[in-house]
Structure formats: C-alpha cells, structure tokens
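Only one structure is covered here, and it is reproduced in the block below.
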Amino acid sequence: MKLVFKLKDRVHGGDTPLKFCWQSVLGNYLATTGHDNAVRVWDRHGQLVEEMQLPGNCTGMEWDMDGDILCAVCEKSSNLFLWDSTQKKTLKIDSGAKDAHTFLAWSKVGFHLAIGTAKGNLILYDHKVGRKVPILGKHNKKILCGQWSAIQNCVGLASEDRAVTISDISGKTLQQFAVNDTPSLLKFSEMKGNAKTRPVDNTVSIVVGKKTLFIYKLQDPDGPAQLAFQPKYGRIEQYCWYGDNYIMIGFSHGHMVSISIHPEEVGREIFHVRNHQDYLASIAISHSLNYAATCGDNSVHVHDLQKLEEVTAIIDFTDEKGLKDLAWTNDGQLLAVSTTRGKLLTYLTKLPMLGDTCGTRIAYLTSLLEVTVFNSIEGELPITKTIDVEPSFVACGPYHLAVGMNNRAWFYYVADDKNAEKTRDREYLGTIQKMSLNADYAAVMFDGKVQLHMIDQGVHEALVEGKEAKLFPDREDEGAVTCSTITNDFLIYGTESGNICYFFIEDWAEVNVYRHGVGIRSIYPNDCGSHTAFIDEKGDGVIYNPVDDSVYTIPDMPASVNGLLWETNVFDKDVFVLYDDEVVYTYVFHRESLEGSLVTLAGKTRLPFSQRPLLLNNGILTLQTTSGKTNSILLESHCFLALDDHGQSIALDENAFQCAVALKRWKEAWTACVDLNSIEYWEKLGEAALISLDVDLAIRVYRQLQDAGMVLSLERLRDVEDRNLLAGTIASYIGQFDRAQELLLSSTNPVAALDLRRDLMHWDTALQLASRLDPQQIPFIAKEYGQQLEFTGNYSAAYQHFEKGLIREPEHLEHDETCAAGLARTSLRLGNIRRGVEIAIKHPSRQLKKECGAILENMRQFAESAALYERSQYFDKAAAVYIRGKNWNKVGELLPKVTSIKIHLQFAKAKEADKKYAEAADAYHDAKEYDSEIRVALDHLRDPERAVNIVKATGSTEGAKMVANFFIKLGDYGSAIQFLVLSKCNDDAFHMAKKHGQMEVYAEIVGENATAEDLMSIALYFENEKNHLMAGRFFTRCAKYAKALNHFLRCSLNEDGDEVLQLAVETVAAAQDIQLTRQLSDFLLGEHDGVPKDANYLFKMYMALGQYGEAAHTAIIISKEEQNNGNYRVAHDLLFRFVRNLAWWVSKKH
C-alpha cells in the first residue's frame, strides 16, 4: 500500500489520540478532531479544506448518509456544528439541550439526526425541515452509543443505566431491554434466516462490559444470546458484521476472531489469528473490497474475507509508538490510520482503475495524482507525470496524454524521455464521459455528443485551416452519441438510434454510416479501423466491416461485457478478447474460411480478482491492479507459448495443439504435431489448414502424411484465384458438400457444382442444377439417376428417368441402349410384361435378356422367362425355367446344349416318373448319376450287362452292391461275390463264398487287394477243407510260412507236383528260416519218403536263398547226370541257364 498523505505532527495541538471519520459515499473528505477542540476537514490529498473551532471537547462527529453534511457536537455547547461540503458553508444550530451532548448519529435513509445527552435525553433533528423534537428521559443516565437501522429507520441507544432502547423516527420507544454491564458499540444488522423473507434490520448487537457480545433479536425478545470468549483474548475493542451472518471481533491481546451467527450455530468460531503480540486497537472492514484490517502494536494487517488465512498486505509503522484506530472510505480506496500520539496517515489501498492504450503504449493511474506512460513492447522507458487533479479519466495517444474530471481536461506532450510537458487545458460544454486521442486530434464525448478538435491547434494552424474542431452529430434526429473513439484516420462514433458513423479526418467529411437498428453501447475498432467490434443495447456483439457493410456476429457472448481489446501483435491482428468481471474470452475473426468470414471462440481465461485488462500482445494480457501497478498473464488460449522455470519452451500437448489451431498459429501447431507424433493430429492440422484456405500449409501437412492423392489435388489449386472456386473445391475434399455447392455456384465456374453433385450421385440436386446450368446434361444425369432409383427399388421413378434419358441420336447409341435396358427392366417390375419383353428382345444385349429373364422368373412368368434365357443362349438357365414350367418337351430339345448336371438330373427324374426308363437312364448317365442309371437298368430295363459295364467303368460302390443283389436273386453267386467285393462288402462276399463253396472264386476276386485278415480267413477255410495247396498259398500270403510249407509238403505230387514244389521253394525263400530250409531240403532229397525229387527244385531253392555255391554244386551234379545219360544238349542248356540265372540273381541283389 502506498502512503498518500500524512498529517503533520500535533496537528491538533497535542500528543493525545485524535478522532476522525471519512465522508460517506464519496470519501473525498476526511474530518478530524483532537486536543485543540477544532474540527478540520481535509481532502483526499491531505489539503486542509475547512476548520471549525468547537467551544469544548468534541463528543460526536459524523457525516450524513450522502456525505453532504458533517455534524459535530461538544461538551460545553448546545449547538450543532454543521459543515455543508457542497456549499463549503458552516452552520450552527441550537439543539435546545440543557445538558452536554454525548452522542450523535445520522439516519442511514434520511436527514434525521439523533443527539444523546449526559442526562439520558434524546433530541431528534430533521435537517431537511429544520425541526427539533426533544424526548426527555429516554434514559436515566448518559447515553453512550447508538446507531440508526438501515432499513426500518429506527434508532438504537445504549446508556450508562445499562438499558438499551429502540425508538422510531418520532422518538417512540418500540422495544427496551437491559444488560448486566456497561454497554458499548451498539450496531444493527440483519440476521438472515428464511431466504424468502423481506430484508429487515432484525438484530441488535452490543458489547457488554468489554467482555461479552449480546445478540438481541427484535422479533424474538425473549431469546437473546450472550456470547462469551476465552479470557486469553482480552477485551473486545471493536467488532464488525460482514457477509452472511458473520461477525469479526478484535480483542485487546492482539487476537482477531470470526464467529458465525447462523441460527443453528450461533457463536461458533470459524477463524482465529493473532496478528499483534502486544495489543490490538481496532478493526475495520471494507465491504467494497471485501477486506478486513486490524491495527495494533506498530502494524496494520489486511485480510481477504474470502480467504481469511491469507494476509494480503502488512503496513509497518516502525517510527510510531502505537496505533489507535483505522477506517476505510466507502469505496475502499483509502485507509486512514491514527496513532496514540495524535498522528494520522492515509494509505492508498485501491486506486481507481483508470488507464488507456494507444498501440502498445499504456497510460495508467499509479497514484491519485500520478500517471505513468510506458511501452514495454517497444522497450521504451516509463514516463511518470504528476498531474494537477485526481482524474476521472485517462486518455493516451501516440504523443500525448490527457487526464481530466468533470468538464475539464489537461493535455500533456509525452516524449520518449522522462519529461512530460503540459501543453494546454480545456473546458467542454458538459461532463466528459470518454476521450480518445490520435497524433493530432482528440475525440471527447459528453452529454450525448462528441467533439473532435485538435490537441495543439497552434502547431498545425497553417496546415489545417477549417479543420480545427467539429461537434457531432450534425443533426438532432440522429440521436445521442453513446460511444466514440478515434483512429489514425477516422473518428468513429455510435448513437442510441443504432448508427455507426465514420468521419474521415483528412477529408473532414463523413464517409460511411451503418444503421444497426439497435442502440450502440460501445465500439472497439482495430488499429487501422478496417474492422470495428461493437456491442449493442441487447448485449449482442458484432464485427463490422465498413468497406462492404458486412457484419459478423460474435458467438457465445458473456451476459455482461466490460470491454474489448484487439491483439496488437501484427501476426495475430484478427484476435481479440472480451472480458467481464471474472473471465477473459478469446475470439478469432476469420477473414477467409470455408464458411466465409466469421468469428469463433478460441478459449477462456480466469481474470484475476479486481484487475482490469489494458493491452493484449502475443497472447500476454497486461492488467491494471488496484494498487497502481500492472500485471501480466498468459491467456489460456495461448498456452502453447508457455515457458518453463528456466525460460525454455515446453513440450506441447493436445490442449496446446487445439489452441494453436483455433488461433491459426500454424507454426506452433506444427511444433505440437511434431511433439505429439500422432497421425491423428497431423490430419486435424491438415483439415484446419483446408478450412482456413491455406493451401500451401495443407500441402506441407499432407506431404508429411504421405498422402500423395491429396497433395496432387491441392497442387492443382495453388493457382486458383477465384476464392469461391477454391473454397468450394476444398469443401468437397472434406465432405462439406452443401457448402461446396453454395461456393461453387458463386464462383466463376458454377458448372463445377453440377459436376460435384454428379460425382456424389446426388441426382435430384444434379438435375436441378443441370436445368439451370447445362440442360444438355439432363439425359445423362437422368440415366444415372434412373439406375440408382432402380437399385433402391423405386421402379416407377426409375422408369420415368430412363424415359427422360433417351436422346435418340446415333452418336449416343450406347447411352440410349442403357436407357432402353433400364426401361425393359422397370417395365417388367411394374407389371408391363409385354412392353418389357418386347424391348428386351429387340435389345442387342445378351445380358439384358438374362436380367429380364431373371425378373420374369421371380414373377413366375416361366414361359417368357425361359424364352428370353434361350434367346440370350443361356441354355442351362432356360432349361431350368422350362422345368419349373413343366415344359419337358422344350427341356428335351435343349438338353444337347445343356451342360448343367443338375438339369440333366431333374430331367432324368421327370422321365423316370413318366416311366420312360430308357430316356431316364440316358439322362442319368448325362447327369453322371451312375447309381441311378444302374438302378434303372437293373430294376426297369433288366439290362444287367449295362449295369455291369457302368460299375466296371465307374467303380461305383453302391452300383456294385445293386448288381450283386441282382445276381444273388438270379443265383449267380460267383458274379454276386465279384460285385460284393467291388462294393467293398468283403465280409458279405466271404460268407457267401463260404456258404456256397465259392471260396476259390472269392479268393481269386480278392486278389492282391485282400487284407491280412481276409487272407487268414481264406487260409483257415482251405485248411478246414483239407485243400492243402490253397491253404498253403494263403498262409504264405499272410506270412505264416511254417504252416504254408507243411501244407505244401502234404500235397499230392502226382497232379500238381511242379506247382507245389515251386510254391514250397518260394515259401522257404520268403521265410529265410534255417529250419524251414532244412525241412524242404530233406524233403527234396527224399529223406521223408525215400523218393528223391528233381534236383532242379533243390537248385532253385539254393538260388532263391542266395546260396550260390550250393546252387552251382547242384547244377554241376545235375549236368553230370545228364551227361552220363548222354543228354549233352540238356547238360549244356542246364549250365548255361544256371550261369544266366546266377547273373540275374546277383544283379537283382545289388
């Protein structure tokens, strides 16, 4: 807090404490009194305004409710000493009291004054009519304190007789109650209960004996509350009501306590702090600032009532011995503190937030009589200027500073150094409401008018003759001016009738008027005046372009707007902010986009409490504080510009990306995409670039995404100069087709809209566009629309469009054929079969005939359907439809051309049902249904030979089974067994062979395909039948060599001797068993029956066993025997054959 002024020591002639009070409402004056019995009135800057000498010690001093009249009373006079602040006059009025005045209090709602006396009498004085009403005996002793209620206009009094009375404006006692000790500090307040009740001063609070706080409810006189506190707190020095049923109490031992007076928790302590170690003298609350201040020891502590635990300020008085009292002005701007030695110091706690900007230069009030001008953006040093009066406005221009109040203004020339030279002062015809400056002129608004005049007329007099000053508006019917501002080139003002007028200073003429229709509340042009934001009386915000009178609504407007700032950074010239008491709203004006020019909300930022925005530059909002300083915050919408604790850029997240895109800060958005490293965000950036019509950026983004198709498409748009054509094409790329059509129709190539709708197959719209733009396209669109309608089942509409599509010109033959095909199909579906078939037959397309055939087939028009299939050479389909129509004759005619097995099968079944078995058998054969052919051949044609041939040719298992059953019925078991084996019914074949003695047939049929189990069964069967030859054969095949050899050796050699011995040799060779070899060798040498066998078998056995030496020896023996018998030729052939066989065996082994 800044010291504003300090009254000189012993200003009242002694070291005793002085009394003081601020003027009500305005707080422009401070009244003090003290040891010298004088009442002095000081202004806000510590200058003495008035002095009244009292005949005795001042016992009461107070301002009326409006702050116009100061009244003081003293001990040794019955006069009331009044000072009128408006007329600067002093009055003395005799109250008529016979005893000393001890107390006075002004009414809070009228001009009534209550004066208490030392004997307990009350005097009511009505200053408005000058009437005095004495009420004798109101109390029995001295009246100590009292107060008027703010709503009911009752006066409460407390006396040394320990009685408290509540009286009305006439002095009638309404209520009276007693306390048990000396009362002090009586106050009225409203104890809130039911929110629906009417506000009323229903509670009286009073300190009793400096120890307890007595709470008396006027509506419940029988239930008062007397609150006692901890002894360590000390005496109650002062207390204040605040908020919703809360009381702040200051105790002598330095404690400050806040208690609740809510009905359900009366007296509950909610906050406690000890600000002062030795003593606390007083407390005061500023309801406008919502602050509480305590004084004691040698310091003042200030708390925020919303966060009591936080100390917002501390004022140290190191040179003072002790503090006595403190008080705020009503607006909270000044805090006066008195000391025990009679000193008084006034501190500035809240400055009027007066400030203005011009470009990036800021001028703002830093003290009541001090203005600072600085430009931190361009690095200019601050210039501080002490001014002559406490201003009500500040205006800033490129070279000038203006301040003023009421109807007077002072102008200062502000150079780049720290000197500020006053150039002139000027008076106007009314109280100045607003002033704006440019380099040469000032625009001053007062009393519904705005005056434009030169700032330094003498400097430019030779150059601007006739352009010195002008008053607006020119005519009374234009309405009163409600707002005005000035740019380098224009004076711009708005009127209550809704007009916004542009006055061009260079030509000294009005160049543009926009009629809005609703009164204009405030206007905010950008730096050059090319676009002006204004807010009308409805609270709607609008951006106005004076070049073409276009207006753009500002969306999502707050309920109340305190101001608007345009961004001063040249790269963000289309960004501006609106602000109310709590939030700053960031907006972007898009000059070019797919939606045309528009305004969008980019973000919201919480506005620090009691701070006013002055300047916006690159997302940094400069704020003016109540302490006469500036503060800067970074808007949430510009979070991508945030730095870390070391001043370095931070990694950008999703929120930063969205903010950068919303503000069209493409560089930062690109950086965010790199940091996020996600395709999703690159795609969002590409779409945002397209929406903003930034083709070059979009190409870069889609090249980064490796989307070659989009890059190539965008490359073709680089040289497009027609913005509507460009925007429309881009809108079609991102799916905004309605917007694309609107833009393309407004372009130089409106046919592009028709092409777009055709490409999208939006045929209704395409036809409408074609009728306006290119009627020759109607038949082609109608054809395509008809195809779509036919696909969706709207055949009636499709038929109409196909008819509309016919051109009937040779060069469009293919097109007409397509339309004719559509007519044929839709005619059939609409039931006009004759026309549809006729068109289809004449049409050259096979496919159309097939399609029409399918339609007719679904309609169960089989004859026509089959005929079309046949004409289109789809013979299989034609035959199938003929079958559905039972037209077997046509089916038979088509069968040679039919390839479908299914159709042949259907035909065969039909012929079989008609008992035409031969045709049925042939059809079954064509259908490759051989089992059915066999069945028909056996059951109906009695042609087993055909059946047998089919079975042998196809290997059909089922067919073989049927043939087998047929032969069983005929008793031809051998044939039956053969076909049972073919049908893989080996068990049945075996049992039949066993039953009918056909095992040899079975064995022959089984052959090499027999399983080990089949061979064993056959071998055992022959063993039981004593057929040793067959048993041996099958035991050999199932690898039972011992049994097989036994059976071979038991065979008779008379009939099949050679075969038996050959089989025995083969069995031994396969077994490779020594015992079996010896057994066969003994048998061949005649060891069993004494009859040696032919030595050739022994030779063959040795050869089969690979015993070539024994085989050679045997061959020589045999050869010698033949030689002895004279058979030399036989002997030679024997040896030659042996040698050849031996060579063969050796080659076979290796």
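Please note that chains go A, B, ... in the order of the structure tokens, that every chain numbers its residues from 1, and that ligands are numbered from 1 in the order shown.
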task = Find the residues near Gln624 in chain A: any atom within 6 Å, counting only C-alpha atoms, skip ones fewer than 4 places away on the same chain, and give them as a list in words.
result = Gln611, Arg612 and Thr630 of chain A
Grab the residues selected above and save them as a PDB file, in the first residue's frame with N, CA and C atoms.
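Contents of out.pdb, freshly written:
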```pdb
ATOM      1  N   GLN A 611      -8.757  -6.826 -11.242  1.00  0.00           N
ATOM      2  CA  GLN A 611      -7.740  -6.397 -12.199  1.00  0.00           C
ATOM      3  C   GLN A 611      -8.425  -6.122 -13.535  1.00  0.00           C
ATOM      4  N   ARG A 612      -7.947  -5.094 -14.227  1.00  0.00           N
ATOM      5  CA  ARG A 612      -8.599  -4.638 -15.457  1.00  0.00           C
ATOM      6  C   ARG A 612      -7.644  -4.767 -16.634  1.00  0.00           C
ATOM      7  N   THR A 630       0.968  -2.831 -12.720  1.00  0.00           N
ATOM      8  CA  THR A 630       0.480  -3.674 -13.816  1.00  0.00           C
ATOM      9  C   THR A 630       0.901  -5.117 -13.566  1.00  0.00           C
TER      10      THR A 630
END
```
message = If DSSP is run on the backbone, what residues of range 400-492 of chain A are strand (DSSP E)? A reply as a ChimeraX atom specification would be ideal.
response = /A:400-405,408-414,420-427,432-437,441-446,449-454,469-472,481-486,490-492
Okay, now the selection with C-alpha atoms, as a compact mmCIF listing (two decimals), in the first residue's frame?
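Saved to out.txt:
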```txt
# COMPACT_ATOMS: atom_id res chain seq x y z
CA HIS A 400 0.04 12.96 -25.87
CA LEU A 401 -1.51 12.12 -22.55
CA ALA A 402 -4.82 13.56 -21.40
CA VAL A 403 -6.42 13.48 -17.96
CA GLY A 404 -9.43 15.25 -16.59
CA MET A 405 -12.50 15.36 -14.46
CA ARG A 408 -12.14 19.91 -17.87
CA ALA A 409 -9.16 18.12 -19.41
CA TRP A 410 -5.40 18.64 -19.27
CA PHE A 411 -3.17 17.60 -22.19
CA TYR A 412 0.49 16.66 -21.86
CA TYR A 413 3.06 16.12 -24.56
CA VAL A 414 4.80 12.82 -23.75
CA ALA A 420 6.03 15.21 -19.78
CA GLU A 421 5.22 18.77 -20.73
CA LYS A 422 1.73 20.14 -20.24
CA THR A 423 0.58 21.71 -23.49
CA ARG A 424 -2.87 23.02 -22.63
CA ASP A 425 -6.03 22.53 -20.62
CA ARG A 426 -9.52 22.89 -21.96
CA GLU A 427 -13.09 23.06 -20.75
CA ILE A 432 -16.55 14.33 -20.05
CA GLN A 433 -17.61 10.71 -20.38
CA LYS A 434 -14.82 9.45 -22.64
CA MET A 435 -11.81 10.79 -24.50
CA SER A 436 -9.70 9.26 -27.29
CA LEU A 437 -6.54 10.61 -28.89
CA TYR A 441 -6.83 15.20 -32.62
CA ALA A 442 -8.86 14.44 -29.53
CA ALA A 443 -12.37 12.98 -29.60
CA VAL A 444 -14.29 14.00 -26.47
CA MET A 445 -17.72 12.56 -25.64
CA PHE A 446 -20.07 14.45 -23.31
CA LYS A 449 -22.32 14.48 -28.24
CA VAL A 450 -18.73 14.04 -29.36
CA GLN A 451 -16.38 16.89 -30.11
CA LEU A 452 -13.42 16.43 -32.42
CA HIS A 453 -10.70 19.06 -32.02
CA MET A 454 -7.01 19.50 -32.50
CA ALA A 469 -12.91 21.35 -34.42
CA LYS A 470 -16.30 19.84 -35.12
CA LEU A 471 -19.27 18.72 -33.00
CA PHE A 472 -21.21 15.54 -33.74
CA VAL A 481 -23.90 9.67 -29.14
CA THR A 482 -23.41 6.71 -26.81
CA CYS A 483 -19.80 5.81 -27.62
CA SER A 484 -16.90 7.15 -29.61
CA THR A 485 -13.26 6.51 -30.44
CA ILE A 486 -10.61 7.74 -32.82
CA PHE A 490 -11.20 8.14 -38.60
CA LEU A 491 -13.48 9.38 -35.89
CA ILE A 492 -15.96 6.59 -35.22
```
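The shell of residues at most 10 Å from range 764-766 of chain A, with only C-alpha atoms counted and near chain neighbours (fewer than 6 positions) removed, consists of Gln741, Ala753, Leu754, Asp755, Leu756, Arg757, Arg758, Leu773, Gln777, Ile778, Ile781, Ala782 and Tyr785 of chain A.
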For the selection you just gave me, I'd like the residues written to a file as a short mmCIF file (atom, residue, chain, number, x, y, z; two decimals), in the first residue's frame, keeping N, CA, C and O atoms.
```cif
data_model
loop_
_atom_site.label_atom_id
_atom_site.label_comp_id
_atom_site.auth_asym_id
_atom_site.auth_seq_id
_atom_site.Cartn_x
_atom_site.Cartn_y
_atom_site.Cartn_z
N GLN A 741 -21.26 -26.76 -52.77
CA GLN A 741 -22.15 -26.36 -53.86
C GLN A 741 -22.44 -24.87 -53.81
O GLN A 741 -22.41 -24.17 -54.84
N ALA A 753 -20.25 -27.13 -59.60
CA ALA A 753 -21.22 -27.60 -58.61
C ALA A 753 -22.01 -28.77 -59.17
O ALA A 753 -22.31 -29.75 -58.46
N LEU A 754 -22.37 -28.67 -60.47
CA LEU A 754 -23.08 -29.78 -61.11
C LEU A 754 -22.19 -31.02 -61.17
O LEU A 754 -22.64 -32.13 -60.87
N ASP A 755 -20.93 -30.83 -61.54
CA ASP A 755 -20.01 -31.98 -61.58
C ASP A 755 -19.86 -32.61 -60.20
O ASP A 755 -19.76 -33.84 -60.08
N LEU A 756 -19.82 -31.78 -59.18
CA LEU A 756 -19.70 -32.29 -57.81
C LEU A 756 -20.88 -33.18 -57.46
O LEU A 756 -20.71 -34.30 -56.95
N ARG A 757 -22.08 -32.71 -57.73
CA ARG A 757 -23.27 -33.50 -57.39
C ARG A 757 -23.35 -34.78 -58.21
O ARG A 757 -23.81 -35.81 -57.72
N ARG A 758 -22.89 -34.71 -59.46
CA ARG A 758 -22.86 -35.93 -60.26
C ARG A 758 -21.87 -36.93 -59.70
O ARG A 758 -22.16 -38.13 -59.60
N LEU A 773 -27.90 -24.77 -65.35
CA LEU A 773 -26.54 -24.53 -65.81
C LEU A 773 -26.21 -25.19 -67.14
O LEU A 773 -25.51 -24.60 -67.97
N GLN A 777 -26.98 -31.83 -70.14
CA GLN A 777 -26.56 -32.90 -69.24
C GLN A 777 -27.74 -33.66 -68.64
O GLN A 777 -27.55 -34.70 -68.01
N ILE A 778 -28.95 -33.14 -68.82
CA ILE A 778 -30.11 -33.75 -68.17
C ILE A 778 -30.29 -35.22 -68.55
O ILE A 778 -30.50 -36.07 -67.67
N ILE A 781 -27.70 -37.38 -66.74
CA ILE A 781 -27.96 -37.45 -65.29
C ILE A 781 -29.20 -38.28 -65.02
O ILE A 781 -29.25 -39.07 -64.06
N ALA A 782 -30.23 -38.11 -65.90
CA ALA A 782 -31.46 -38.88 -65.72
C ALA A 782 -31.17 -40.37 -65.82
O ALA A 782 -31.73 -41.18 -65.06
N TYR A 785 -29.44 -41.38 -62.60
CA TYR A 785 -30.40 -41.32 -61.51
C TYR A 785 -31.37 -42.51 -61.60
O TYR A 785 -31.72 -43.12 -60.58
#
```
ask   = Residues at most 8 Å from range 66-73 of chain A, counting only C-alpha atoms, excluding those fewer than 6 positions away in the same chain, as a PyMOL selection string?
value = chain A and resi 23-27+39+58-60+79-86+101-104
Keeping only C-alpha atoms, write the selected residues to a file as a tab-separated table (two decimals), in the first residue's frame.
```tsv
chain	number	residue	atom	x	y	z
A	23	GLN	CA	-17.08	11.36	4.18
A	24	SER	CA	-19.92	8.95	3.40
A	25	VAL	CA	-20.33	7.57	-0.11
A	26	LEU	CA	-17.64	9.55	-1.99
A	27	GLY	CA	-14.86	9.58	0.60
A	39	VAL	CA	-12.73	20.07	13.64
A	58	CYS	CA	-15.81	17.03	20.63
A	59	THR	CA	-18.05	14.18	21.83
A	60	GLY	CA	-19.51	13.22	18.46
A	79	ASN	CA	-25.11	23.91	19.37
A	80	LEU	CA	-24.87	21.54	16.47
A	81	PHE	CA	-21.89	22.48	14.29
A	82	LEU	CA	-22.68	21.66	10.63
A	83	TRP	CA	-20.48	21.96	7.54
A	84	ASP	CA	-22.01	21.70	4.07
A	85	SER	CA	-19.46	20.13	1.71
A	86	THR	CA	-21.38	21.15	-1.40
A	101	HIS	CA	-24.09	16.44	24.18
A	102	THR	CA	-22.53	12.97	24.43
A	103	PHE	CA	-23.52	11.26	21.21
A	104	LEU	CA	-24.85	11.86	17.72
```
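With only C-alpha atoms taken into account, the protein and nucleic acid residues at most 12 Å from Arg835 in chain A (excluding it and anything under 3 positions from it in its own chain) are Ala820, Ala821, Leu823, Ala824, Arg825, Thr826, Ser827, Leu828, Arg829, Leu830, Gly831, Asn832, Glu838, Ile839, Ala840, Ile841, Lys842 and Cys852 of chain A.
Interatomic distance, CA of Leu652 in chain A against CA of Leu685 in chain A: 14.3 Å.
For the atom pair formed by CA of Phe317 in chain A and CA of Val300 in chain A, the distance is 8.2 Å, given to one decimal.
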Polymer residues at most 6 Å from Arg341 in chain A, only C-alpha atoms, same-chain spacing of 3 or more positions, as a list in words = Asp15, Thr16 and Pro17 of chain A
Could the residues in this selection be saved with N, CA and C atoms as a PDB file, in the first residue's frame?
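Once written, out_37.pdb looks like this:
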```pdb
ATOM      1  N   ASP A  15      -0.323  15.451  22.005  1.00  0.00           N
ATOM      2  CA  ASP A  15       0.060  14.073  21.707  1.00  0.00           C
ATOM      3  C   ASP A  15      -1.068  13.090  21.985  1.00  0.00           C
ATOM      4  N   THR A  16      -2.243  13.589  22.291  1.00  0.00           N
ATOM      5  CA  THR A  16      -3.374  12.698  22.561  1.00  0.00           C
ATOM      6  C   THR A  16      -3.967  12.205  21.242  1.00  0.00           C
ATOM      7  N   PRO A  17      -4.614  11.029  21.272  1.00  0.00           N
ATOM      8  CA  PRO A  17      -5.204  10.497  20.021  1.00  0.00           C
ATOM      9  C   PRO A  17      -6.277  11.416  19.486  1.00  0.00           C
TER      10      PRO A  17
END
```
message = If we count only C-alpha atoms and set the cut-off at 12 Å, which residues sit around Leu3 in chain A, ignoring sequence neighbours fewer than 5 positions away in its own chain? Please answer as a PyMOL selection string.
response = chain A and resi 44-46+315-317+333-337+344-350+367-368+627
query = Please, which residues of range 468-711 of chain A, numbered as in this document, come out alpha helix (DSSP H) from DSSP, as a PyMOL selection string?
reply = chain A and resi 654-662+666-676+679-691+695-704+708-711
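Of the listed residues A:Ile215, A:Lys210, A:Lys187, A:Arg703, the one whose atoms come nearest to Pro231 in chain A is A:Lys210, with distances taken using only C-alpha atoms.
Closest approach to Ile123 in chain A from the set A:Leu429, A:Cys396, A:Ala100, A:Leu91 is made by A:Ala100, with distances taken over only C-alpha atoms.
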remark   = CA of Pro473 in chain A to CA of Thr487 in chain A measures 18.0 Å
